[in-house]
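Input: a single structure, listed below in structure tokens.
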There are 2 protein chains.
Amino acid sequence: MQGHDHDHDEIKDKDEVLARYMAQHGLKSTRQRSLIIDTFFAVGGHLSVEELWNKVRAQDAKVSVATVYRTMKLLNECGLAHARNFGDGQTRYEAAAGRDHHDHLICTRCGTIVEFENDRIETLQDAVARKHGFTVTSHKMELYGLCRDCQRGLPVASEA
Amino acid sequence: MQGHDHDHDEIKDKDEVLARYMAQHGLKSTRQRSLIIDTFFAVGGHLSVEELWNKVRAQDAKVSVATVYRTMKLLNECGLAHARNFGDGQTRYEAAAGRDHHDHLICTRCGTIVEFENDRIETLQDAVARKHGFTVTSHKMELYGLCRDCQRGLPVASEA
DNA sequence: TTGACTGCAAATGTTTTGCATGCCG
DNA sequence: CGGCATGCAAAACATTTGCAGTCAA
């Protein structure tokens with residue numbers, strides 16, 4: 001739906017990071033891992049492990065959830081995916097390769113997630129942290145509310 | 001650190017909110033609920049259900065975890081407690097009655113949690129939301145990093 | 001060949017729930 | 001009394017892990 005036809009650099013970058021990480025850690029590139037990782041980056045968005053598993057199983061019915069969990073944990077460790085936690089009980093992952101930091105607007109009615117970034121907020125965050133003697137290494141910020149459509153009571157389109 | 005010795009108004013406010021909510025929902029005031037709620041507000045901080053359960057059991061050994069879960073869910077629903085999720089697998093609750101909104105600085109080494117509020121950040125958040133057509137009803141922001149002591153490598157004092 | 005990877009199922013840890021009993025109102 | 005609340009244990013989830021077989025390097 002969105003025009004992301006120019007992420008070849010990022011994909012290359014991602015592959016490099018991944019290859020380097022796997023080499024350094026003695027990890028192997030397997031059919032399942034490739035499938036999971038490719039699917040994850042191809043789908044985009046904020047996937048729960050189960051959602052990702054479903055996409056993956058559509059292509060290879062024998063991949064187990066455990067492998068998806070293990071693979072996403074790896075991606076997270078090597079910095080290519082970030083684990084997020086938006087209130088429903090599940091951990092969601094989002095692609096991180098070559099992307100700037102960003103935060104989220106979450107519609108509490110239809111579940112839409114919009115990403116944004118705002119340098120002025122980041123600057124203020126740093127200032128606050130400094131005032132309290134903290135050195136900040138990461139942060140997360142989530143704004144919950146109603147998106148434009150839900151404010152007007154439009155029917156919820158459910159998820160894909 | 002913080003001078004919050006004047007929360008008597010807030011406590012009264014809390015009881016009112018609670019009483020009204022319980023009346024409206026046909027809820028009963030029981031020994032267990034009172035004990036759990038009083039303990040929760042007395043201890044303060046960001047308690048996991050298990051931590052709270054331990055405090056409660058010290059006073060009445062027969063209270064079950066289930067009741068603590070049920071009670072905290074109630075407090076959360078009536079707005080007197082907020083559920084938070086700081087990365088470890090557990091949901092933590094913090095008192096919300098009569099308190100201004102605030103965010104958190106979390107030390108990733110010793111676990112210290114510092115609360116802060118910053119109106120300019122809130123203002124910017126609203127602006128961002130508006131730009132994306134959202135009406136924000138709540139938000140959370142967490143800054144992760146090292147607190148002053150941990151930056152200097154001081155020994156971790158563990159939790160209480 | 002070898003050791004990492006996988007699938008499966010069992011194990012974990014957290015939170016929820018069904019049910020019979022208990023207690024507030 | 002009647003119905004919500006409680007305790008207990010089982011159930012429900014999300015996630016992890018032990019193990020034996022499989023596969024990449």
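We label chains A, B, ... in the order they appear in the structure tokens, count residues from 1 in each chain, and number ligands from 1 in the order shown.
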Contact residues (chain D, partner chain A, 9 Å, only C-alpha atoms (C1' of nucleotides)) as a VMD selection string = chain D and resid 13 to 16 23 to 25
Next, dump the selected residues to file, keeping only N, CA, C and O atoms (P, O5', C5', C4', C3', O3' and C1' of nucleotides), as a compact mmCIF listing (two decimals), in the first residue's frame.
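The resulting file, out05.txt, is reproduced below:
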# COMPACT_ATOMS: atom_id res chain seq x y z
P DC D 13 -7.55 -18.52 25.85
O5' DC D 13 -6.09 -18.15 25.37
C5' DC D 13 -5.01 -18.44 26.23
C4' DC D 13 -4.15 -17.20 26.36
C3' DC D 13 -3.11 -17.13 25.26
O3' DC D 13 -2.85 -15.80 24.87
C1' DC D 13 -2.07 -17.51 27.36
P DA D 14 -1.97 -15.53 23.59
O5' DA D 14 -0.53 -15.32 24.24
C5' DA D 14 -0.32 -14.16 25.04
C4' DA D 14 1.11 -14.15 25.51
C3' DA D 14 2.14 -14.25 24.38
O3' DA D 14 3.21 -13.36 24.67
C1' DA D 14 2.40 -16.06 25.89
P DT D 15 4.44 -13.29 23.66
O5' DT D 15 5.45 -14.36 24.27
C5' DT D 15 5.90 -14.17 25.61
C4' DT D 15 6.80 -15.29 26.03
C3' DT D 15 7.96 -15.60 25.08
O3' DT D 15 9.17 -15.34 25.78
C1' DT D 15 6.91 -17.58 25.85
P DT D 16 10.58 -15.76 25.21
O5' DT D 16 10.83 -17.16 25.92
C5' DT D 16 10.61 -17.26 27.31
C4' DT D 16 11.07 -18.61 27.82
C3' DT D 16 12.43 -19.07 27.31
O3' DT D 16 13.14 -19.58 28.42
C1' DT D 16 10.81 -20.72 26.85
P DC D 23 16.74 -32.49 7.11
O5' DC D 23 17.81 -31.32 7.23
C5' DC D 23 17.44 -30.10 7.88
C4' DC D 23 18.65 -29.17 7.92
C3' DC D 23 19.41 -29.13 6.59
O3' DC D 23 19.88 -27.79 6.41
C1' DC D 23 20.86 -29.81 8.31
P DA D 24 20.18 -27.25 4.95
O5' DA D 24 21.29 -26.17 5.27
C5' DA D 24 21.02 -25.18 6.27
C4' DA D 24 22.33 -24.75 6.91
C3' DA D 24 23.38 -24.26 5.92
O3' DA D 24 24.09 -23.19 6.52
C1' DA D 24 24.22 -26.14 7.08
P DA D 25 25.16 -22.38 5.70
O5' DA D 25 26.53 -23.01 6.22
C5' DA D 25 26.94 -22.76 7.56
C4' DA D 25 28.34 -23.32 7.76
C3' DA D 25 29.32 -22.95 6.64
O3' DA D 25 30.63 -22.80 7.17
C1' DA D 25 29.15 -25.28 6.76
Name the residues of stretch 3-151 of chain B that fall into strand (DSSP E) according to DSSP on the backbone, using the chain letters and numbers of this document, as a compact mmCIF listing (two decimals) with all heavy atoms, in the first residue's frame.
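Final output, saved to part.txt:
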# COMPACT_ATOMS: atom_id res chain seq x y z
N LEU B 47 4.12 -1.32 42.07
CA LEU B 47 4.07 -2.67 42.59
C LEU B 47 3.57 -3.67 41.57
O LEU B 47 2.58 -3.43 40.88
CB LEU B 47 3.13 -2.72 43.80
CG LEU B 47 3.62 -2.06 45.08
CD1 LEU B 47 2.48 -2.02 46.09
CD2 LEU B 47 4.79 -2.84 45.64
N SER B 48 4.23 -4.80 41.52
CA SER B 48 3.68 -5.92 40.77
C SER B 48 2.64 -6.58 41.67
O SER B 48 2.64 -6.38 42.88
CB SER B 48 4.77 -6.92 40.43
OG SER B 48 5.24 -7.54 41.61
N ALA B 81 -5.82 3.43 39.77
CA ALA B 81 -4.48 2.87 39.59
C ALA B 81 -4.23 2.77 38.09
O ALA B 81 -5.16 2.62 37.29
CB ALA B 81 -4.37 1.49 40.24
N HIS B 82 -2.97 2.91 37.72
CA HIS B 82 -2.60 2.73 36.32
C HIS B 82 -1.77 1.48 36.19
O HIS B 82 -0.90 1.23 37.02
CB HIS B 82 -1.78 3.92 35.81
CG HIS B 82 -2.59 5.15 35.62
ND1 HIS B 82 -3.85 5.14 35.05
CD2 HIS B 82 -2.34 6.45 35.91
CE1 HIS B 82 -4.32 6.37 35.01
NE2 HIS B 82 -3.43 7.18 35.53
N ALA B 83 -2.04 0.71 35.15
CA ALA B 83 -1.24 -0.47 34.88
C ALA B 83 -0.06 -0.05 34.02
O ALA B 83 -0.21 0.68 33.05
CB ALA B 83 -2.08 -1.51 34.15
N ARG B 84 1.11 -0.49 34.41
CA ARG B 84 2.32 -0.17 33.65
C ARG B 84 3.06 -1.44 33.32
O ARG B 84 2.88 -2.47 33.96
CB ARG B 84 3.26 0.73 34.47
CG ARG B 84 2.67 2.02 34.92
CD ARG B 84 2.87 3.08 33.89
NE ARG B 84 2.25 4.33 34.34
CZ ARG B 84 2.17 5.40 33.56
NH1 ARG B 84 2.65 5.38 32.33
NH2 ARG B 84 1.59 6.49 34.00
N ARG B 92 2.78 -3.80 36.42
CA ARG B 92 2.94 -3.07 37.67
C ARG B 92 1.86 -2.01 37.78
O ARG B 92 1.45 -1.45 36.77
CB ARG B 92 4.32 -2.40 37.73
CG ARG B 92 5.41 -3.42 37.89
CD ARG B 92 6.80 -2.84 37.83
NE ARG B 92 7.75 -3.92 38.06
CZ ARG B 92 8.02 -4.40 39.27
NH1 ARG B 92 7.48 -3.85 40.33
NH2 ARG B 92 8.85 -5.40 39.40
N TYR B 93 1.42 -1.76 38.99
CA TYR B 93 0.38 -0.75 39.20
C TYR B 93 0.94 0.41 39.99
O TYR B 93 1.77 0.23 40.88
CB TYR B 93 -0.80 -1.36 39.95
CG TYR B 93 -1.59 -2.34 39.13
CD1 TYR B 93 -1.30 -3.69 39.16
CD2 TYR B 93 -2.63 -1.90 38.30
CE1 TYR B 93 -2.03 -4.60 38.40
CE2 TYR B 93 -3.35 -2.80 37.53
CZ TYR B 93 -3.05 -4.15 37.59
OH TYR B 93 -3.76 -5.04 36.83
N GLU B 94 0.47 1.58 39.66
CA GLU B 94 0.84 2.74 40.47
C GLU B 94 -0.41 3.53 40.78
O GLU B 94 -1.36 3.55 40.00
CB GLU B 94 1.86 3.61 39.73
CG GLU B 94 1.30 4.26 38.49
CD GLU B 94 2.30 5.20 37.85
OE1 GLU B 94 3.45 5.21 38.25
OE2 GLU B 94 1.88 5.92 36.93
N ALA B 95 -0.39 4.18 41.93
CA ALA B 95 -1.54 4.96 42.37
C ALA B 95 -1.79 6.09 41.39
O ALA B 95 -0.85 6.67 40.83
CB ALA B 95 -1.28 5.52 43.76
N ASP B 103 5.55 10.86 33.73
CA ASP B 103 6.24 9.83 32.97
C ASP B 103 7.39 9.28 33.79
O ASP B 103 7.56 9.67 34.94
CB ASP B 103 6.71 10.42 31.64
CG ASP B 103 5.51 10.86 30.81
OD1 ASP B 103 4.72 9.98 30.44
OD2 ASP B 103 5.36 12.07 30.56
N HIS B 104 8.16 8.39 33.20
CA HIS B 104 9.16 7.67 33.99
C HIS B 104 10.54 7.65 33.38
O HIS B 104 10.70 7.51 32.17
CB HIS B 104 8.69 6.23 34.20
CG HIS B 104 7.41 6.12 34.95
ND1 HIS B 104 6.20 6.08 34.33
CD2 HIS B 104 7.16 6.09 36.28
CE1 HIS B 104 5.25 6.01 35.24
NE2 HIS B 104 5.79 6.02 36.44
N LEU B 105 11.50 7.75 34.27
CA LEU B 105 12.90 7.53 33.94
C LEU B 105 13.27 6.22 34.63
O LEU B 105 13.07 6.08 35.84
CB LEU B 105 13.77 8.64 34.56
CG LEU B 105 14.06 9.87 33.71
CD1 LEU B 105 14.52 10.99 34.63
CD2 LEU B 105 15.12 9.55 32.68
N ILE B 106 13.78 5.27 33.89
CA ILE B 106 14.05 3.96 34.47
C ILE B 106 15.52 3.60 34.31
O ILE B 106 16.05 3.62 33.19
CB ILE B 106 13.17 2.90 33.78
CG1 ILE B 106 11.71 3.26 33.99
CG2 ILE B 106 13.50 1.52 34.31
CD1 ILE B 106 10.81 2.84 32.88
N CYS B 107 16.16 3.30 35.42
CA CYS B 107 17.57 2.90 35.34
C CYS B 107 17.63 1.43 34.97
O CYS B 107 17.08 0.58 35.67
CB CYS B 107 18.29 3.13 36.66
SG CYS B 107 20.01 2.59 36.56
N ILE B 113 13.23 3.88 39.55
CA ILE B 113 12.26 4.56 38.71
C ILE B 113 12.04 5.96 39.24
O ILE B 113 11.70 6.14 40.40
CB ILE B 113 10.92 3.80 38.69
CG1 ILE B 113 11.13 2.40 38.11
CG2 ILE B 113 9.89 4.57 37.87
CD1 ILE B 113 9.89 1.53 38.15
N VAL B 114 12.28 6.95 38.41
CA VAL B 114 12.05 8.33 38.79
C VAL B 114 10.89 8.87 37.97
O VAL B 114 10.81 8.63 36.77
CB VAL B 114 13.31 9.20 38.52
CG1 VAL B 114 13.02 10.66 38.78
CG2 VAL B 114 14.47 8.73 39.39
N GLU B 115 9.98 9.54 38.64
CA GLU B 115 8.85 10.10 37.92
C GLU B 115 9.13 11.56 37.60
O GLU B 115 9.81 12.25 38.34
CB GLU B 115 7.59 10.01 38.78
CG GLU B 115 7.25 8.59 39.15
CD GLU B 115 6.05 8.51 40.06
OE1 GLU B 115 5.61 9.55 40.57
OE2 GLU B 115 5.53 7.39 40.24
N PHE B 116 8.60 12.00 36.49
CA PHE B 116 8.74 13.42 36.17
C PHE B 116 7.55 13.87 35.35
O PHE B 116 6.80 13.05 34.82
CB PHE B 116 10.04 13.67 35.40
CG PHE B 116 10.03 13.08 34.01
CD1 PHE B 116 9.57 13.81 32.92
CD2 PHE B 116 10.48 11.79 33.81
CE1 PHE B 116 9.56 13.26 31.64
CE2 PHE B 116 10.47 11.22 32.53
CZ PHE B 116 10.01 11.96 31.45
N THR B 135 -7.07 12.21 18.46
CA THR B 135 -7.44 12.81 19.74
C THR B 135 -6.83 11.92 20.81
O THR B 135 -7.21 10.76 20.94
CB THR B 135 -8.97 12.79 19.92
OG1 THR B 135 -9.56 13.49 18.85
CG2 THR B 135 -9.35 13.45 21.23
N VAL B 136 -5.89 12.47 21.55
CA VAL B 136 -5.18 11.64 22.52
C VAL B 136 -5.91 11.60 23.85
O VAL B 136 -6.33 12.63 24.35
CB VAL B 136 -3.74 12.16 22.74
CG1 VAL B 136 -3.10 11.45 23.90
CG2 VAL B 136 -2.93 11.96 21.47
N THR B 137 -6.08 10.40 24.36
CA THR B 137 -6.74 10.27 25.66
C THR B 137 -5.74 9.93 26.76
O THR B 137 -5.98 10.19 27.92
CB THR B 137 -7.82 9.18 25.62
OG1 THR B 137 -7.22 7.98 25.11
CG2 THR B 137 -8.95 9.58 24.71
N SER B 138 -4.65 9.31 26.39
CA SER B 138 -3.63 9.00 27.39
C SER B 138 -2.33 8.72 26.66
O SER B 138 -2.31 8.55 25.45
CB SER B 138 -4.02 7.78 28.21
OG SER B 138 -3.91 6.61 27.42
N HIS B 139 -1.28 8.70 27.41
CA HIS B 139 -0.01 8.39 26.77
C HIS B 139 0.94 7.85 27.81
O HIS B 139 0.69 7.96 29.01
CB HIS B 139 0.59 9.62 26.10
CG HIS B 139 1.18 10.60 27.06
ND1 HIS B 139 0.57 11.79 27.37
CD2 HIS B 139 2.32 10.57 27.79
CE1 HIS B 139 1.31 12.45 28.23
NE2 HIS B 139 2.38 11.73 28.52
N LYS B 140 1.97 7.25 27.33
CA LYS B 140 3.02 6.89 28.28
C LYS B 140 4.36 7.10 27.63
O LYS B 140 4.53 6.94 26.43
CB LYS B 140 2.85 5.47 28.78
CG LYS B 140 3.00 4.41 27.74
CD LYS B 140 2.84 3.05 28.41
CE LYS B 140 2.18 2.06 27.50
NZ LYS B 140 1.78 0.84 28.14
N MET B 141 5.30 7.47 28.45
CA MET B 141 6.62 7.75 27.95
C MET B 141 7.60 7.22 28.97
O MET B 141 7.47 7.47 30.16
CB MET B 141 6.79 9.25 27.80
CG MET B 141 8.13 9.64 27.27
SD MET B 141 8.05 11.37 26.74
CE MET B 141 8.84 12.10 28.14
N GLU B 142 8.54 6.45 28.51
CA GLU B 142 9.54 5.91 29.42
C GLU B 142 10.92 6.14 28.84
O GLU B 142 11.17 5.85 27.68
CB GLU B 142 9.32 4.40 29.59
CG GLU B 142 8.10 4.09 30.43
CD GLU B 142 7.29 2.95 29.86
OE1 GLU B 142 7.89 2.04 29.28
OE2 GLU B 142 6.05 3.00 29.98
N LEU B 143 11.80 6.68 29.66
CA LEU B 143 13.18 6.90 29.25
C LEU B 143 14.05 5.89 29.99
O LEU B 143 14.03 5.83 31.22
CB LEU B 143 13.64 8.32 29.59
CG LEU B 143 12.71 9.46 29.18
CD1 LEU B 143 13.34 10.81 29.55
CD2 LEU B 143 12.39 9.39 27.70
N TYR B 144 14.78 5.10 29.24
CA TYR B 144 15.62 4.07 29.85
C TYR B 144 17.09 4.49 29.78
O TYR B 144 17.54 5.03 28.77
CB TYR B 144 15.46 2.74 29.12
CG TYR B 144 14.07 2.17 29.23
CD1 TYR B 144 13.08 2.50 28.32
CD2 TYR B 144 13.74 1.31 30.28
CE1 TYR B 144 11.80 1.99 28.43
CE2 TYR B 144 12.47 0.79 30.40
CZ TYR B 144 11.50 1.14 29.47
OH TYR B 144 10.23 0.62 29.59
N GLY B 145 17.81 4.26 30.84
CA GLY B 145 19.23 4.62 30.83
C GLY B 145 19.85 4.34 32.17
O GLY B 145 19.38 3.50 32.93
N LEU B 146 20.91 5.06 32.48
CA LEU B 146 21.60 4.86 33.75
C LEU B 146 21.39 6.05 34.66
O LEU B 146 21.55 7.20 34.25
CB LEU B 146 23.10 4.67 33.50
CG LEU B 146 23.51 3.40 32.75
CD1 LEU B 146 25.02 3.37 32.54
CD2 LEU B 146 23.05 2.15 33.51
Output the contact residues of chain A with respect to chain C at a cut-off of 9 Å, based on only C-alpha atoms (C1' of nucleotides), as a PDB file with N, CA, C and O atoms, in the first residue's frame.
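The resulting file, part.pdb, is shown below:
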ATOM      1  N   GLY A  26      28.588 -17.187  15.218  1.00  0.00           N
ATOM      2  CA  GLY A  26      28.557 -18.586  14.816  1.00  0.00           C
ATOM      3  C   GLY A  26      27.161 -19.089  14.505  1.00  0.00           C
ATOM      4  O   GLY A  26      26.853 -20.258  14.714  1.00  0.00           O
ATOM      5  N   LEU A  27      26.320 -18.197  14.014  1.00  0.00           N
ATOM      6  CA  LEU A  27      24.946 -18.594  13.706  1.00  0.00           C
ATOM      7  C   LEU A  27      24.830 -19.051  12.260  1.00  0.00           C
ATOM      8  O   LEU A  27      25.594 -18.630  11.400  1.00  0.00           O
ATOM      9  N   LYS A  28      23.864 -19.917  12.022  1.00  0.00           N
ATOM     10  CA  LYS A  28      23.701 -20.437  10.670  1.00  0.00           C
ATOM     11  C   LYS A  28      22.499 -19.826   9.973  1.00  0.00           C
ATOM     12  O   LYS A  28      21.512 -19.464  10.607  1.00  0.00           O
ATOM     13  N   THR A  30      19.513 -20.604   7.921  1.00  0.00           N
ATOM     14  CA  THR A  30      18.705 -21.769   7.556  1.00  0.00           C
ATOM     15  C   THR A  30      17.486 -21.346   6.750  1.00  0.00           C
ATOM     16  O   THR A  30      17.150 -20.166   6.695  1.00  0.00           O
ATOM     17  N   GLN A  32      14.358 -21.910   7.423  1.00  0.00           N
ATOM     18  CA  GLN A  32      13.341 -21.303   8.278  1.00  0.00           C
ATOM     19  C   GLN A  32      13.685 -19.864   8.647  1.00  0.00           C
ATOM     20  O   GLN A  32      12.853 -18.968   8.585  1.00  0.00           O
ATOM     21  N   LYS A  62       5.345 -26.236   8.069  1.00  0.00           N
ATOM     22  CA  LYS A  62       5.983 -26.993   9.138  1.00  0.00           C
ATOM     23  C   LYS A  62       6.847 -26.166  10.089  1.00  0.00           C
ATOM     24  O   LYS A  62       7.423 -26.705  11.024  1.00  0.00           O
ATOM     25  N   VAL A  63       6.960 -24.890   9.828  1.00  0.00           N
ATOM     26  CA  VAL A  63       7.745 -24.049  10.737  1.00  0.00           C
ATOM     27  C   VAL A  63       7.026 -23.940  12.072  1.00  0.00           C
ATOM     28  O   VAL A  63       5.824 -23.704  12.109  1.00  0.00           O
ATOM     29  N   SER A  64       7.752 -24.099  13.149  1.00  0.00           N
ATOM     30  CA  SER A  64       7.100 -24.060  14.470  1.00  0.00           C
ATOM     31  C   SER A  64       7.173 -22.676  15.106  1.00  0.00           C
ATOM     32  O   SER A  64       8.049 -21.887  14.777  1.00  0.00           O
ATOM     33  N   ALA A  66       8.067 -21.971  17.993  1.00  0.00           N
ATOM     34  CA  ALA A  66       9.302 -21.845  18.760  1.00  0.00           C
ATOM     35  C   ALA A  66      10.402 -21.223  17.907  1.00  0.00           C
ATOM     36  O   ALA A  66      11.143 -20.353  18.370  1.00  0.00           O
ATOM     37  N   THR A  67      10.482 -21.641  16.678  1.00  0.00           N
ATOM     38  CA  THR A  67      11.511 -21.098  15.795  1.00  0.00           C
ATOM     39  C   THR A  67      11.266 -19.621  15.521  1.00  0.00           C
ATOM     40  O   THR A  67      12.206 -18.826  15.448  1.00  0.00           O
TER      41      THR A  67
END
Could I get chain A fitted onto chain B (least squares, all C-alpha atoms, in order) as a CSV table (one decimal) with C-alpha atoms, in the first residue's frame?
chain,number,residue,atom,x,y,z
A,1,MET,CA,11.2,8.3,52.9
A,2,GLN,CA,9.6,11.0,51.0
A,3,GLY,CA,7.6,13.7,52.8
A,4,HIS,CA,4.1,13.0,51.6
A,5,ASP,CA,2.3,14.1,54.8
A,6,HIS,CA,-0.1,16.3,53.0
A,7,ASP,CA,-1.8,13.9,50.8
A,8,HIS,CA,-4.9,13.8,53.0
A,9,ASP,CA,-6.9,15.7,50.3
A,10,GLU,CA,-5.8,13.2,47.7
A,11,ILE,CA,-6.6,10.3,50.0
A,12,LYS,CA,-10.0,11.7,50.7
A,13,ASP,CA,-10.5,12.2,47.0
A,14,LYS,CA,-9.5,8.7,46.3
A,15,ASP,CA,-11.9,7.3,48.9
A,16,GLU,CA,-14.7,9.3,47.4
A,17,VAL,CA,-14.0,8.1,43.9
A,18,LEU,CA,-13.7,4.6,45.2
A,19,ALA,CA,-16.9,4.8,47.2
A,20,ARG,CA,-18.9,6.3,44.4
A,21,TYR,CA,-17.5,3.8,41.9
A,22,MET,CA,-18.3,0.9,44.2
A,23,ALA,CA,-21.8,2.1,44.8
A,24,GLN,CA,-22.5,2.7,41.1
A,25,HIS,CA,-21.3,-0.8,40.3
A,26,GLY,CA,-22.9,-2.7,43.2
A,27,LEU,CA,-19.5,-3.6,44.6
A,28,LYS,CA,-18.9,-4.5,48.2
A,29,SER,CA,-16.3,-3.3,50.5
A,30,THR,CA,-14.6,-6.3,52.0
A,31,ARG,CA,-11.8,-6.9,54.5
A,32,GLN,CA,-9.5,-8.1,51.7
A,33,ARG,CA,-10.2,-5.3,49.3
A,34,SER,CA,-9.7,-2.7,52.0
A,35,LEU,CA,-6.4,-4.3,53.0
A,36,ILE,CA,-5.2,-4.5,49.4
A,37,ILE,CA,-6.2,-1.0,48.5
A,38,ASP,CA,-4.8,0.5,51.7
A,39,THR,CA,-1.6,-1.3,51.3
A,40,PHE,CA,-1.3,-0.3,47.6
A,41,PHE,CA,-1.7,3.4,48.3
A,42,ALA,CA,0.4,3.2,51.5
A,43,VAL,CA,3.4,1.6,49.8
A,44,GLY,CA,3.3,3.8,46.7
A,45,GLY,CA,5.7,3.3,43.8
A,46,HIS,CA,5.2,0.9,41.0
A,47,LEU,CA,4.1,-2.4,42.4
A,48,SER,CA,3.7,-5.7,40.6
A,49,VAL,CA,0.8,-7.8,41.7
A,50,GLU,CA,3.2,-10.2,43.3
A,51,GLU,CA,5.0,-7.5,45.3
A,52,LEU,CA,1.7,-6.1,46.5
A,53,TRP,CA,0.6,-9.6,47.4
A,54,ASN,CA,3.6,-10.1,49.5
A,55,LYS,CA,3.0,-6.9,51.4
A,56,VAL,CA,-0.6,-7.9,51.9
A,57,ARG,CA,0.1,-11.4,53.0
A,58,ALA,CA,2.4,-10.0,55.7
A,59,GLN,CA,-0.8,-8.7,57.3
A,60,ASP,CA,-3.3,-11.4,56.3
A,61,ALA,CA,-1.7,-14.6,55.2
A,62,LYS,CA,-4.8,-16.0,53.7
A,63,VAL,CA,-5.5,-13.4,51.0
A,64,SER,CA,-5.0,-15.1,47.6
A,65,VAL,CA,-3.3,-13.7,44.5
A,66,ALA,CA,-6.5,-14.0,42.6
A,67,THR,CA,-8.1,-11.4,44.9
A,68,VAL,CA,-5.2,-9.1,44.4
A,69,TYR,CA,-5.4,-9.4,40.7
A,70,ARG,CA,-9.2,-8.8,40.8
A,71,THR,CA,-8.8,-5.8,43.1
A,72,MET,CA,-6.1,-4.1,41.1
A,73,LYS,CA,-8.1,-4.6,37.9
A,74,LEU,CA,-11.0,-2.8,39.7
A,75,LEU,CA,-8.8,0.0,40.8
A,76,ASN,CA,-7.5,0.3,37.3
A,77,GLU,CA,-11.0,0.4,35.8
A,78,CYS,CA,-12.2,3.1,38.2
A,79,GLY,CA,-9.2,5.2,37.4
A,80,LEU,CA,-7.4,5.1,40.7
A,81,ALA,CA,-4.5,3.0,39.5
A,82,HIS,CA,-2.7,2.9,36.2
A,83,ALA,CA,-1.3,-0.3,34.7
A,84,ARG,CA,2.2,0.0,33.4
A,85,ASN,CA,4.5,-2.3,31.6
A,86,PHE,CA,8.2,-1.7,32.0
A,87,GLY,CA,9.7,-4.5,30.0
A,88,ASP,CA,10.0,-7.2,32.7
A,89,GLY,CA,7.1,-9.6,32.2
A,90,GLN,CA,4.9,-8.1,34.9
A,91,THR,CA,2.2,-5.5,34.9
A,92,ARG,CA,2.9,-2.8,37.5
A,93,TYR,CA,0.4,-0.5,39.0
A,94,GLU,CA,0.8,3.0,40.3
A,95,ALA,CA,-1.5,5.2,42.2
A,96,ALA,CA,-3.4,7.7,40.1
A,97,ALA,CA,-5.9,9.5,42.3
A,98,GLY,CA,-5.6,13.2,42.1
A,99,ARG,CA,-2.2,13.0,40.5
A,100,ASP,CA,-1.2,14.8,37.3
A,101,HIS,CA,-0.1,12.8,34.3
A,102,HIS,CA,3.5,12.0,34.4
A,103,ASP,CA,6.1,9.9,32.6
A,104,HIS,CA,9.0,7.8,33.7
A,105,LEU,CA,12.8,7.6,33.7
A,106,ILE,CA,13.9,4.1,34.3
A,107,CYS,CA,17.4,3.0,35.2
A,108,THR,CA,18.2,-0.2,33.4
A,109,ARG,CA,20.8,-1.2,35.9
A,110,CYS,CA,19.3,-0.7,39.3
A,111,GLY,CA,15.6,-0.5,38.3
A,112,THR,CA,15.1,3.0,39.9
A,113,ILE,CA,12.1,4.7,38.5
A,114,VAL,CA,11.9,8.5,38.5
A,115,GLU,CA,8.7,10.3,37.6
A,116,PHE,CA,8.6,13.6,35.7
A,117,GLU,CA,6.2,15.7,33.9
A,118,ASN,CA,6.9,18.2,31.1
A,119,ASP,CA,4.2,20.3,29.6
A,120,ARG,CA,6.2,21.2,26.6
A,121,ILE,CA,6.6,17.6,25.6
A,122,GLU,CA,2.8,17.1,26.1
A,123,THR,CA,2.1,20.1,23.9
A,124,LEU,CA,4.4,18.7,21.2
A,125,GLN,CA,2.7,15.3,21.4
A,126,ASP,CA,-0.6,16.9,20.9
A,127,ALA,CA,0.7,18.8,17.9
A,128,VAL,CA,2.1,15.6,16.4
A,129,ALA,CA,-1.1,13.7,16.9
A,130,ARG,CA,-3.1,16.5,15.4
A,131,LYS,CA,-0.9,16.5,12.3
A,132,HIS,CA,-1.7,12.8,11.8
A,133,GLY,CA,-5.4,13.3,12.4
A,134,PHE,CA,-5.4,11.6,15.8
A,135,THR,CA,-7.3,12.6,18.9
A,136,VAL,CA,-5.1,11.5,21.8
A,137,THR,CA,-6.8,10.2,24.9
A,138,SER,CA,-3.7,8.9,26.7
A,139,HIS,CA,-0.1,8.3,26.2
A,140,LYS,CA,2.9,6.9,27.8
A,141,MET,CA,6.5,7.7,27.6
A,142,GLU,CA,9.4,5.9,29.1
A,143,LEU,CA,13.1,6.9,29.0
A,144,TYR,CA,15.5,4.1,29.7
A,145,GLY,CA,19.1,4.6,30.7
A,146,LEU,CA,21.5,4.9,33.7
A,147,CYS,CA,20.7,6.9,36.8
A,148,ARG,CA,23.3,9.1,38.4
A,149,ASP,CA,24.6,6.4,40.8
A,150,CYS,CA,24.7,3.7,38.2
A,151,GLN,CA,26.7,5.8,35.9
A,152,ARG,CA,29.4,6.0,38.6
A,153,GLY,CA,29.2,2.3,39.1
A,154,LEU,CA,27.9,2.4,42.6
A,155,PRO,CA,26.7,-1.0,44.0
A,156,VAL,CA,23.1,-1.7,43.3
A,157,ALA,CA,21.0,-1.5,46.5
A,158,SER,CA,18.5,-4.1,45.3
A,159,GLU,CA,14.9,-3.7,46.0
A,160,ALA,CA,13.2,-3.4,49.4
Expected answer as JSON, numbers by chain: helix (DSSP H, G or I) residues in chain B = {"B": [8, 9, 10, 11, 12, 13, 14, 15, 16, 17, 18, 19, 20, 21, 22, 23, 24, 31, 32, 33, 34, 35, 36, 37, 38, 39, 40, 41, 42, 43, 49, 50, 51, 52, 53, 54, 55, 56, 57, 58, 59, 65, 66, 67, 68, 69, 70, 71, 72, 73, 74, 75, 76, 77, 119, 120, 121, 122, 123, 124, 125, 126, 127, 128, 129, 130, 131, 148, 149, 150, 151]}
